[in-house]
Structure formats: structure tokens, C-alpha cells
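Student: This structure is in C-alpha cells; I'll ask about it shortly.
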Amino acid sequence: MPGKITLSVIKADIGGYVGHSSMHVEIKEAAGKLLQSQKGAGKIIDFHVSHCGDDLELIITHRNGCENPDIHGMAWDIFERCTEVAKSLKLYGAGQDLLADAFSGNIKGMGPGVAEMEIEERTSEPILIFMADKTSAGAWNLPLFRMFADPFNTAGLVISPALHDGFRFEVHDVKSSKRIFFNTPEEMYDLLVFIGAPGRYMVKAVYCKSPEEIGAVSSTERLSLIAGKYVGKDDPVCIVRAQGDFPAVGEVLEPFTMPHIVEGWMRGSHYGPLMPVSLSEANPSRFDGPPRVVGLGFQLAEGKLVGPRDMFDDPSFDRARDLCNIIADHLRNHGPFEPHRLPMEEMEYTTLPGVLEKLEGRWEGMK
Ligand code: 13P
Ligand code: 13P
Ligand code: MG
Ligand code: MG
């Protein structure tokens, strides 16, 4: 059937097993059953349920477009029902990311993370879905820059006529709710001024310049900004289209061979390296980390999710994982000192304001 397909990746931490380290199989089974009944009723085309660490990931294809209340409402309902399962097993932090009492039309701003794109499916549509745990929205800035704007990463920018004109980046300022677009390569340095500060400026999407066609989209919801306090990390997701007018699959994966340092890890308050892992290794346990990223590959066929392939289940990422462990040792040796612990301004959503308040009267003036 012709027409546009929407790919929605909607995720939430609705309870961890054990602690914040992983996901209980009954949660995934419950989500799968609920989505199967929606598929049977013709409300969605296809789905895949996955996890990264303690985050439940719903990958859904449908024809309703982005920000559709029925699809978002369905995801919210699934998260609520899975929270009931999590409560019955007394899993840790049951319902952690469900910050609103009831669904109100759009799941954005209610706690879960969302990445969606509506596309005209190509003759062959390779899709990569990245899912992270123990880190923040903004963790995709560096890899997305490398994929779509760095010729040392993406040979196609130099070699392929389809990529040679560069791409268009949509950047969100999540603190002032504003957005801006930059064209690369011509505005690359302006772009880097902002996305080099990923706690505030986030690459929301990347497009082909002409005709404008979406190539990547990420979740940019920041839990601490929604809740006004630390309630767990964002643990973001990102969808990337590959081949043809976009970077090749291998060019999309290549940035993860350099484990960049992201915020998150223990209590969301530490910097650590982002480790690319297979699904079987997406269970962060050392100091609740280090932060993980899983990459699932699919071929879309009339909206059917053919896959997944577990893309980091490949020995060519062993060196990145080894390097992560070396960096992790070195950062851990800093204990409560920066730059392992986040700087003071980033700690305002943790216990720090309470400590500052308690000690306020004890600070003495000095001449
Ligand atoms: P194939 O010749 O295997 O299709 O590969 C082309 C390509 O783009 C590899 O990145
Ligand atoms: P999550 O955001 O994955 O729940 O982790 C929270 C945490 O505090 C880990 O130490
Ligand atoms: Mg958790
Ligand atoms: Mg998590």
C-alpha cells in the first residue's frame, strides 16, 4: 500500500531489574502482548519491543503521522500497564519516568522520550535505531555530527554525489525552548559552537538539503527540566536512515568506535564513556554504568520491521569497549571529584541544593 509510513520510537523507564541495571522479561512480554493486539486490530503496522538497561523501548510503525494522540496514548497506556507489572514484581523505581498523572494528548513533556519520523519508504529503507541508558539527551550530538558532517568519518561526503552538498541540522535550545537550523559544511563552525554544549543545545534532526528529506531524529526530552529535580536520566533514543542519500550503515556506526564522554552514569551525576554494546551486554552494572548504547538495524518493507540486527554485536567494536573500560577506571579513580562528578551548575537537580541550604548560615564572611 503506498503512502507515508511513520516510525515512532517511544521509551520510558517504568521499573528496573535489579536496581537500575536491566529490564525484567515479564515487562517486555507484557508490552509485546499489548502491541500485538493493536497490530491485530489494524491500529499499527508493526512493532518491536526492546530495552537498553532499565529502559523499555517501543519501536512502532503506523500511518498516523508524528505526534499522533492515538499512538502516543497507546504508548502511555502500555507504560502504565507495564508499571503495574513492575509494581507486582516490586521492581526498582516502578513508573519512574511517568511524570504526569494522566495522558493529555501528547506524550512529550510527560516523562517518556520520543523520536519519530514520517517518511516515504524508499525501494530499500535501512534504518538504525540507537538506544542509550545512563546518559542524557544530547549524547547524540557528537555521533550525529560525525555521521552527517565529518568527512573523516563519512567518506560519502567526499565521494558520493548524493551526499556531497552536505546536510541541514535542526538544533534545539532545551533551556529556552527555541530552535535554529544550520547548513553544513558552510555553517559547520557556527553549528559546533552550540552542539559542543550538549547539556543545552541538542541536535533534534538532520535533513537532506534539497529536496528536504529527514535523515535522523532524536529524543530531546530532559527529565530534570520537566520534573524540576533529578528523577533519573533521559536515556535518549535516535533514529537514522542509511544508504542512498544518507550515510552508509558503516558510516552511521563508525562514530561509536570513539567512546565519547557523556553525562549520566551513577545517580546521573557523573561523566563517563558511552560504551557501544550488543543487547546481551546492555545491562550497566559497574557503578550503574558505564553508559551504554545499543544499535538495532532494520529494513523497512511497507512498514514491516524486518529485523532487528544487533549492530554492535561485532568484534570490530571490542577496542572501543576496551577503551571504555580504561577510561572508566581512570574517571572512577577521581571518586567525588570533578571532572568525574558533574560541575556544580549541573548538580542543581540532585541533593546539592539541600546541602547548600543546610549550610547556608555556616559560611562566614572573610575580610
Ligand atoms: P555494496 O557494494 O556492498 O552495496 O556497498 C556499497 C556501500 O555503500 C558500502 O558502504
Ligand atoms: P536511570 O536513569 O537509568 O534510571 O538511572 C538512574 C540512576 O540513578 C543510576 O544510578
Ligand atoms: Mg531507572
Ligand atoms: Mg535508564
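Residues are referred to by chain and number: the chain letter is A, B, ... according to the order shown in the C-alpha cells, the number counts from 1 in that chain, and ligands are numbered separately from 1 in the order shown.
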Select from stretch 124-295 of chain A everything DSSP, run on the backbone, classes as strand (DSSP E or B), then give the selection as an NGL selection string.

Tutor: :A and (125-133 or 135 or 167-173 or 178-183 or 201-208 or 213-218 or 237-241 or 261-264 or 270-273 or 275-276 or 286 or 289 or 292-295)

Student: Please identify all polymer residues within 9 Å of A:Ala132, counting only C-alpha atoms, omitting same-chain residues fewer than 2 positions from it, and present them as an mmCIF file with all heavy atoms, in the first residue's frame.

Tutor:
```cif
data_model
loop_
_atom_site.group_PDB
_atom_site.id
_atom_site.type_symbol
_atom_site.label_atom_id
_atom_site.label_comp_id
_atom_site.auth_asym_id
_atom_site.auth_seq_id
_atom_site.Cartn_x
_atom_site.Cartn_y
_atom_site.Cartn_z
ATOM 1 N N CYS A 52 17.173 -1.046 26.683
ATOM 2 C CA CYS A 52 18.582 -0.765 26.920
ATOM 3 C C CYS A 52 18.671 -0.474 28.408
ATOM 4 O O CYS A 52 18.023 0.469 28.896
ATOM 5 C CB CYS A 52 19.068 0.422 26.083
ATOM 6 S SG CYS A 52 20.850 0.714 26.290
ATOM 7 N N GLY A 53 19.411 -1.292 29.133
ATOM 8 C CA GLY A 53 19.427 -1.154 30.589
ATOM 9 C C GLY A 53 18.017 -1.268 31.137
ATOM 10 O O GLY A 53 17.283 -2.199 30.794
ATOM 11 N N ASP A 55 15.512 0.724 30.509
ATOM 12 C CA ASP A 55 14.544 1.492 29.701
ATOM 13 C C ASP A 55 13.809 0.604 28.708
ATOM 14 O O ASP A 55 14.434 -0.152 27.957
ATOM 15 C CB ASP A 55 15.274 2.626 28.986
ATOM 16 C CG ASP A 55 15.691 3.695 29.974
ATOM 17 O OD1 ASP A 55 16.748 3.543 30.616
ATOM 18 O OD2 ASP A 55 14.917 4.644 30.152
ATOM 19 N N PHE A 130 19.198 3.804 17.624
ATOM 20 C CA PHE A 130 20.133 3.810 18.749
ATOM 21 C C PHE A 130 19.357 4.089 20.031
ATOM 22 O O PHE A 130 18.486 4.974 20.061
ATOM 23 C CB PHE A 130 21.217 4.871 18.537
ATOM 24 C CG PHE A 130 22.073 4.586 17.338
ATOM 25 C CD1 PHE A 130 21.878 5.256 16.139
ATOM 26 C CD2 PHE A 130 23.064 3.613 17.401
ATOM 27 C CE1 PHE A 130 22.649 4.973 15.019
ATOM 28 C CE2 PHE A 130 23.847 3.323 16.287
ATOM 29 C CZ PHE A 130 23.635 4.004 15.098
ATOM 30 N N LYS A 134 21.710 5.388 30.993
ATOM 31 C CA LYS A 134 22.622 6.071 31.917
ATOM 32 C C LYS A 134 23.273 7.288 31.278
ATOM 33 O O LYS A 134 24.438 7.598 31.531
ATOM 34 C CB LYS A 134 23.694 5.111 32.460
ATOM 35 C CG LYS A 134 23.121 3.890 33.158
ATOM 36 C CD LYS A 134 22.347 4.220 34.408
ATOM 37 C CE LYS A 134 21.678 3.000 35.027
ATOM 38 N NZ LYS A 134 20.371 2.651 34.424
ATOM 39 N N THR A 135 22.512 7.973 30.436
ATOM 40 C CA THR A 135 23.017 9.235 29.888
ATOM 41 C C THR A 135 21.864 10.164 29.513
ATOM 42 O O THR A 135 20.693 9.835 29.695
ATOM 43 C CB THR A 135 23.976 8.992 28.706
ATOM 44 O OG1 THR A 135 24.559 10.227 28.326
ATOM 45 C CG2 THR A 135 23.247 8.396 27.504
ATOM 46 N N SER A 136 22.237 11.328 28.992
ATOM 47 C CA SER A 136 21.270 12.401 28.753
ATOM 48 C C SER A 136 20.967 12.570 27.284
ATOM 49 O O SER A 136 21.787 12.247 26.427
ATOM 50 C CB SER A 136 21.860 13.729 29.199
ATOM 51 O OG SER A 136 21.895 13.798 30.567
ATOM 52 N N ALA A 139 23.446 13.309 24.058
ATOM 53 C CA ALA A 139 24.529 12.336 23.834
ATOM 54 C C ALA A 139 24.698 12.026 22.346
ATOM 55 O O ALA A 139 25.743 11.534 21.935
ATOM 56 C CB ALA A 139 24.250 11.039 24.591
ATOM 57 N N ASP A 234 17.684 10.828 31.161
ATOM 58 C CA ASP A 234 16.790 10.839 29.997
ATOM 59 C C ASP A 234 16.877 9.537 29.202
ATOM 60 O O ASP A 234 15.898 9.065 28.663
ATOM 61 C CB ASP A 234 17.153 12.001 29.066
ATOM 62 C CG ASP A 234 17.406 13.273 29.835
ATOM 63 O OD1 ASP A 234 16.734 13.472 30.858
ATOM 64 O OD2 ASP A 234 18.291 14.051 29.431
ATOM 65 N N ASP A 235 18.114 8.998 29.096
ATOM 66 C CA ASP A 235 18.332 7.747 28.370
ATOM 67 C C ASP A 235 17.694 7.812 26.978
ATOM 68 O O ASP A 235 16.695 7.123 26.698
ATOM 69 C CB ASP A 235 17.831 6.554 29.219
ATOM 70 C CG ASP A 235 18.559 6.516 30.558
ATOM 71 O OD1 ASP A 235 19.680 7.070 30.643
ATOM 72 O OD2 ASP A 235 18.010 5.951 31.508
ATOM 73 N N PRO A 236 18.295 8.631 26.098
ATOM 74 C CA PRO A 236 17.635 9.023 24.850
ATOM 75 C C PRO A 236 17.707 7.968 23.740
ATOM 76 O O PRO A 236 18.484 7.018 23.822
ATOM 77 C CB PRO A 236 18.443 10.254 24.436
ATOM 78 C CG PRO A 236 19.818 9.974 24.941
ATOM 79 C CD PRO A 236 19.621 9.248 26.251
ATOM 80 N N VAL A 237 16.912 8.175 22.708
ATOM 81 C CA VAL A 237 16.898 7.318 21.518
ATOM 82 C C VAL A 237 17.112 8.174 20.272
ATOM 83 O O VAL A 237 16.915 9.401 20.305
ATOM 84 C CB VAL A 237 15.563 6.543 21.389
ATOM 85 C CG1 VAL A 237 15.470 5.478 22.456
ATOM 86 C CG2 VAL A 237 14.358 7.476 21.450
ATOM 87 N N CYS A 238 17.508 7.528 19.193
ATOM 88 C CA CYS A 238 17.803 8.247 17.958
ATOM 89 C C CYS A 238 17.542 7.309 16.777
ATOM 90 O O CYS A 238 17.911 6.128 16.834
ATOM 91 C CB CYS A 238 19.275 8.678 17.983
ATOM 92 S SG CYS A 238 19.810 9.615 16.562
ATOM 93 N N LEU A 274 30.679 6.489 26.641
ATOM 94 C CA LEU A 274 29.495 5.796 26.106
ATOM 95 C C LEU A 274 29.957 4.510 25.406
ATOM 96 O O LEU A 274 30.628 4.556 24.376
ATOM 97 C CB LEU A 274 28.752 6.703 25.124
ATOM 98 C CG LEU A 274 27.416 6.172 24.601
ATOM 99 C CD1 LEU A 274 26.403 5.986 25.725
ATOM 100 C CD2 LEU A 274 26.840 7.101 23.535
ATOM 101 N N ALA A 282 23.763 -4.972 27.319
ATOM 102 C CA ALA A 282 23.171 -3.666 27.645
ATOM 103 C C ALA A 282 22.566 -3.690 29.041
ATOM 104 O O ALA A 282 21.381 -3.379 29.229
ATOM 105 C CB ALA A 282 22.127 -3.298 26.596
ATOM 106 N N PRO A 291 27.795 4.254 30.915
ATOM 107 C CA PRO A 291 26.677 4.443 29.984
ATOM 108 C C PRO A 291 26.786 3.522 28.769
ATOM 109 O O PRO A 291 27.887 3.228 28.308
ATOM 110 C CB PRO A 291 26.818 5.912 29.577
ATOM 111 C CG PRO A 291 27.516 6.557 30.728
ATOM 112 C CD PRO A 291 28.452 5.523 31.274
ATOM 113 N N ARG A 292 25.633 3.063 28.283
ATOM 114 C CA ARG A 292 25.598 2.112 27.169
ATOM 115 C C ARG A 292 24.825 2.655 25.983
ATOM 116 O O ARG A 292 23.888 3.430 26.154
ATOM 117 C CB ARG A 292 24.869 0.813 27.572
ATOM 118 C CG ARG A 292 25.422 0.070 28.749
ATOM 119 C CD ARG A 292 26.813 -0.449 28.517
ATOM 120 N NE ARG A 292 27.505 -0.528 29.782
ATOM 121 C CZ ARG A 292 27.780 -1.666 30.417
ATOM 122 N NH1 ARG A 292 27.424 -2.801 29.906
ATOM 123 N NH2 ARG A 292 28.431 -1.633 31.564
ATOM 124 N N VAL A 293 25.207 2.181 24.796
ATOM 125 C CA VAL A 293 24.388 2.422 23.611
ATOM 126 C C VAL A 293 24.259 1.116 22.842
ATOM 127 O O VAL A 293 25.231 0.397 22.653
ATOM 128 C CB VAL A 293 24.944 3.557 22.717
ATOM 129 C CG1 VAL A 293 26.390 3.334 22.313
ATOM 130 C CG2 VAL A 293 24.075 3.748 21.461
ATOM 131 N N VAL A 294 23.001 0.829 22.438
ATOM 132 C CA VAL A 294 22.682 -0.326 21.604
ATOM 133 C C VAL A 294 22.247 0.206 20.245
ATOM 134 O O VAL A 294 21.601 1.252 20.162
ATOM 135 C CB VAL A 294 21.519 -1.129 22.252
ATOM 136 C CG1 VAL A 294 20.938 -2.128 21.274
ATOM 137 C CG2 VAL A 294 21.991 -1.827 23.506
ATOM 138 N N GLY A 295 22.607 -0.494 19.168
ATOM 139 C CA GLY A 295 22.153 -0.092 17.832
ATOM 140 C C GLY A 295 21.411 -1.235 17.169
ATOM 141 O O GLY A 295 21.993 -2.301 16.943
#
```

Student: Counting only C-alpha atoms and all ligand atoms, what residues are within 10 Å of ligand 3, given as an mmCIF file with N, CA and C atoms, in the first residue's frame?

Tutor:
```
data_model
loop_
_atom_site.group_PDB
_atom_site.id
_atom_site.type_symbol
_atom_site.label_atom_id
_atom_site.label_comp_id
_atom_site.auth_asym_id
_atom_site.auth_seq_id
_atom_site.Cartn_x
_atom_site.Cartn_y
_atom_site.Cartn_z
ATOM 1 N N ALA A 12 10.470 4.578 27.942
ATOM 2 C CA ALA A 12 10.369 5.047 29.324
ATOM 3 C C ALA A 12 10.986 4.015 30.250
ATOM 4 N N ASP A 13 11.510 4.506 31.345
ATOM 5 C CA ASP A 13 11.945 3.633 32.446
ATOM 6 C C ASP A 13 10.728 3.468 33.337
ATOM 7 N N ILE A 14 10.171 2.255 33.350
ATOM 8 C CA ILE A 14 8.981 2.053 34.197
ATOM 9 C C ILE A 14 9.298 1.058 35.333
ATOM 10 N N GLY A 15 10.599 0.796 35.520
ATOM 11 C CA GLY A 15 10.993 -0.071 36.629
ATOM 12 C C GLY A 15 12.198 -0.898 36.236
ATOM 13 N N GLY A 16 13.211 -0.933 37.121
ATOM 14 C CA GLY A 16 14.462 -1.611 36.793
ATOM 15 C C GLY A 16 14.596 -2.951 37.490
ATOM 16 N N TYR A 17 15.413 -3.831 36.888
ATOM 17 C CA TYR A 17 15.654 -5.184 37.399
ATOM 18 C C TYR A 17 17.122 -5.506 37.163
ATOM 19 N N VAL A 18 17.983 -5.612 38.088
ATOM 20 C CA VAL A 18 17.878 -5.329 39.520
ATOM 21 C C VAL A 18 18.385 -3.905 39.732
ATOM 22 N N GLY A 19 17.784 -3.150 40.631
ATOM 23 C CA GLY A 19 18.132 -1.723 40.734
ATOM 24 C C GLY A 19 17.833 -1.074 39.395
ATOM 25 N N HIS A 20 18.786 -0.293 38.878
ATOM 26 C CA HIS A 20 18.592 0.386 37.586
ATOM 27 C C HIS A 20 19.309 -0.347 36.446
ATOM 28 N N SER A 21 19.691 -1.643 36.666
ATOM 29 C CA SER A 21 20.640 -2.248 35.723
ATOM 30 C C SER A 21 20.024 -2.854 34.474
ATOM 31 N N SER A 22 18.796 -3.347 34.538
ATOM 32 C CA SER A 22 18.260 -4.028 33.358
ATOM 33 C C SER A 22 16.736 -4.080 33.409
ATOM 34 N N MET A 23 16.190 -4.902 32.523
ATOM 35 C CA MET A 23 14.734 -4.983 32.341
ATOM 36 C C MET A 23 14.276 -6.413 32.609
ATOM 37 N N GLY A 53 19.411 -1.292 29.133
ATOM 38 C CA GLY A 53 19.427 -1.154 30.589
ATOM 39 C C GLY A 53 18.017 -1.268 31.137
ATOM 40 N N ASP A 54 17.610 -0.275 31.935
ATOM 41 C CA ASP A 54 16.286 -0.335 32.568
ATOM 42 C C ASP A 54 15.228 0.423 31.774
ATOM 43 N N ASP A 55 15.512 0.724 30.509
ATOM 44 C CA ASP A 55 14.544 1.492 29.701
ATOM 45 C C ASP A 55 13.809 0.604 28.708
ATOM 46 N N LEU A 91 9.745 -4.184 41.254
ATOM 47 C CA LEU A 91 10.947 -3.756 40.535
ATOM 48 C C LEU A 91 11.335 -2.362 41.004
ATOM 49 N N TYR A 92 12.569 -1.972 40.712
ATOM 50 C CA TYR A 92 13.057 -0.725 41.286
ATOM 51 C C TYR A 92 12.590 0.497 40.489
ATOM 52 N N GLY A 93 12.048 1.469 41.202
ATOM 53 C CA GLY A 93 11.611 2.715 40.559
ATOM 54 C C GLY A 93 10.447 2.489 39.606
ATOM 55 N N ALA A 94 9.465 1.653 40.020
ATOM 56 C CA ALA A 94 8.326 1.371 39.139
ATOM 57 C C ALA A 94 7.628 2.678 38.762
ATOM 58 N N GLY A 95 7.433 2.888 37.476
ATOM 59 C CA GLY A 95 6.782 4.108 36.986
ATOM 60 C C GLY A 95 7.687 5.324 37.018
ATOM 61 N N GLN A 96 9.007 5.099 37.083
ATOM 62 C CA GLN A 96 9.980 6.200 37.269
ATOM 63 C C GLN A 96 9.784 7.379 36.303
ATOM 64 N N ASP A 97 9.593 7.072 35.018
ATOM 65 C CA ASP A 97 9.549 8.160 34.020
ATOM 66 C C ASP A 97 8.142 8.678 33.731
ATOM 67 N N ASP A 133 21.374 4.088 27.652
ATOM 68 C CA ASP A 133 20.993 4.089 29.073
ATOM 69 C C ASP A 133 22.108 4.733 29.883
ATOM 70 N N LYS A 134 21.710 5.388 30.993
ATOM 71 C CA LYS A 134 22.622 6.071 31.917
ATOM 72 C C LYS A 134 23.273 7.288 31.278
ATOM 73 N N VAL A 231 15.215 12.879 38.636
ATOM 74 C CA VAL A 231 14.319 11.725 38.803
ATOM 75 C C VAL A 231 14.807 10.532 37.973
ATOM 76 N N GLY A 232 16.073 10.548 37.557
ATOM 77 C CA GLY A 232 16.599 9.522 36.650
ATOM 78 C C GLY A 232 17.070 10.231 35.395
ATOM 79 N N LYS A 233 17.845 9.517 34.577
ATOM 80 C CA LYS A 233 18.414 10.162 33.390
ATOM 81 C C LYS A 233 17.475 9.992 32.193
ATOM 82 N N ASP A 234 17.684 10.828 31.161
ATOM 83 C CA ASP A 234 16.790 10.839 29.997
ATOM 84 C C ASP A 234 16.877 9.537 29.202
ATOM 85 N N ASP A 235 18.114 8.998 29.096
ATOM 86 C CA ASP A 235 18.332 7.747 28.370
ATOM 87 C C ASP A 235 17.694 7.812 26.978
ATOM 88 N N ARG A 267 23.777 7.822 39.562
ATOM 89 C CA ARG A 267 22.881 8.887 40.026
ATOM 90 C C ARG A 267 22.774 10.035 39.029
ATOM 91 N N ASP A 288 26.639 1.456 38.310
ATOM 92 C CA ASP A 288 25.441 1.677 37.478
ATOM 93 C C ASP A 288 25.815 2.090 36.046
#
```

Student: Using only C-alpha atoms and all ligand atoms, which residue out of A:Trp265, A:Phe312, A:Phe145, A:Phe246 lies closest to ligand 1?

Tutor: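 When distances to ligand 1 are compared using only C-alpha atoms and all ligand atoms, the smallest one comes from A:Phe246.
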
Student: Please give me, as a VMD selection string, the residues lying within 7 Å of ligand 1 when counting only C-alpha atoms and all ligand atoms.

Tutor: chain A and resid 243 248 to 250

Student: Which of stretch 32-235 of chain A end up as helix (DSSP H, G or I) when DSSP is run on this backbone - answer as a PyMOL selection string?

Tutor: chain A and resi 32-40+69-88+141-149+156-159+188-195+223-227

Student: Which is closest to A:Gly32 among A:Phe79, A:Phe169, A:Trp140, A:Phe152, if we use only C-alpha atoms?

Tutor: A:Phe79

Student: Atom CA of A:Phe317 to atom CA of A:Asn333: how many Å, to one decimal?

Tutor: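 Taking atom CA of A:Phe317 as the start and atom CA of A:Asn333 as the end point, the length is 24.7 Å.
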
Student: For each of A:Lys11, A:Lys90, A:Lys367, A:His62, take the minimum atom-to-atom distance to ligand 2, counting only C-alpha atoms and all ligand atoms, then give the residue where this is smallest.

Tutor: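 Checking each of A:Lys11, A:Lys90, A:Lys367, A:His62 against ligand 2, counting only C-alpha atoms and all ligand atoms, the winner is A:Lys11.
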
Student: Can you pull out every residue within 12 Å of A:Glu357, counting only C-alpha atoms, but drop anything in the same chain fewer than 6 positions away, and send it as JSON, numbers by chain?

Tutor: {"A": [348, 351, 363]}

Student: Considering only C-alpha atoms and all ligand atoms, state which residue in the set A:Leu192, A:Leu323, A:Ala205, A:Leu56 is at the smallest distance from ligand 2.

Tutor: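 Looking at the shortest contact to ligand 2, the residue is A:Leu56.
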
Student: Distance atom CA of A:Ile71-atom 5 (O, counted along the ligand's line) of ligand 2, one decimal place?

Tutor: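 Value for the atom CA of A:Ile71-atom 5 (O, counted along the ligand's line) of ligand 2 distance: 26.1 Å.
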
Student: Considering only C-alpha atoms, return as a ChimeraX atom specification whatever protein or nucleic-acid residues lie within 6 Å of stretch 211-219 of chain A, sequence-local ones (same chain, fewer than 3 positions apart) excluded.

Tutor: /A:113-115,204-208,236-241

Student: Save out the residues we just selected, C-alpha atoms, as a tab-separated table (two decimals), in the first residue's frame.

Tutor:
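out10.tsv was written with the following content:
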```
chain	number	residue	atom	x	y	z
A	113	GLY	CA	11.39	10.05	25.38
A	114	VAL	CA	10.14	10.24	21.78
A	115	ALA	CA	11.85	10.12	18.36
A	204	LYS	CA	16.89	17.24	17.15
A	205	ALA	CA	17.02	16.22	13.49
A	206	VAL	CA	19.15	16.16	10.36
A	207	TYR	CA	17.77	16.65	6.83
A	208	CYS	CA	18.95	16.39	3.23
A	236	PRO	CA	17.63	9.02	24.85
A	237	VAL	CA	16.90	7.32	21.52
A	238	CYS	CA	17.80	8.25	17.96
A	239	ILE	CA	16.62	7.03	14.52
A	240	VAL	CA	18.95	7.26	11.50
A	241	ARG	CA	18.16	6.36	7.84
```

Student: Which distance in Å separates atom CA of A:Ala30 and atom 1 (Mg, counted along the ligand's line) of ligand 4, to one decimal?

Tutor: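 The value is 18.7 Å.
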
Student: Nearest residue to A:Ile127 out of A:Leu34, A:Val203, A:Ile326, A:Ile59, using only C-alpha atoms?

Tutor: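 Answer, going by the shortest atom-to-atom distance: A:Ile59.
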
Student: From the list A:Ala100, A:Ile261, A:Met266, A:Ala162, which residue is nearest ligand 4 when using only C-alpha atoms and all ligand atoms?

Tutor: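 Once distances to ligand 4 are computed over only C-alpha atoms and all ligand atoms, the minimum belongs to A:Met266.
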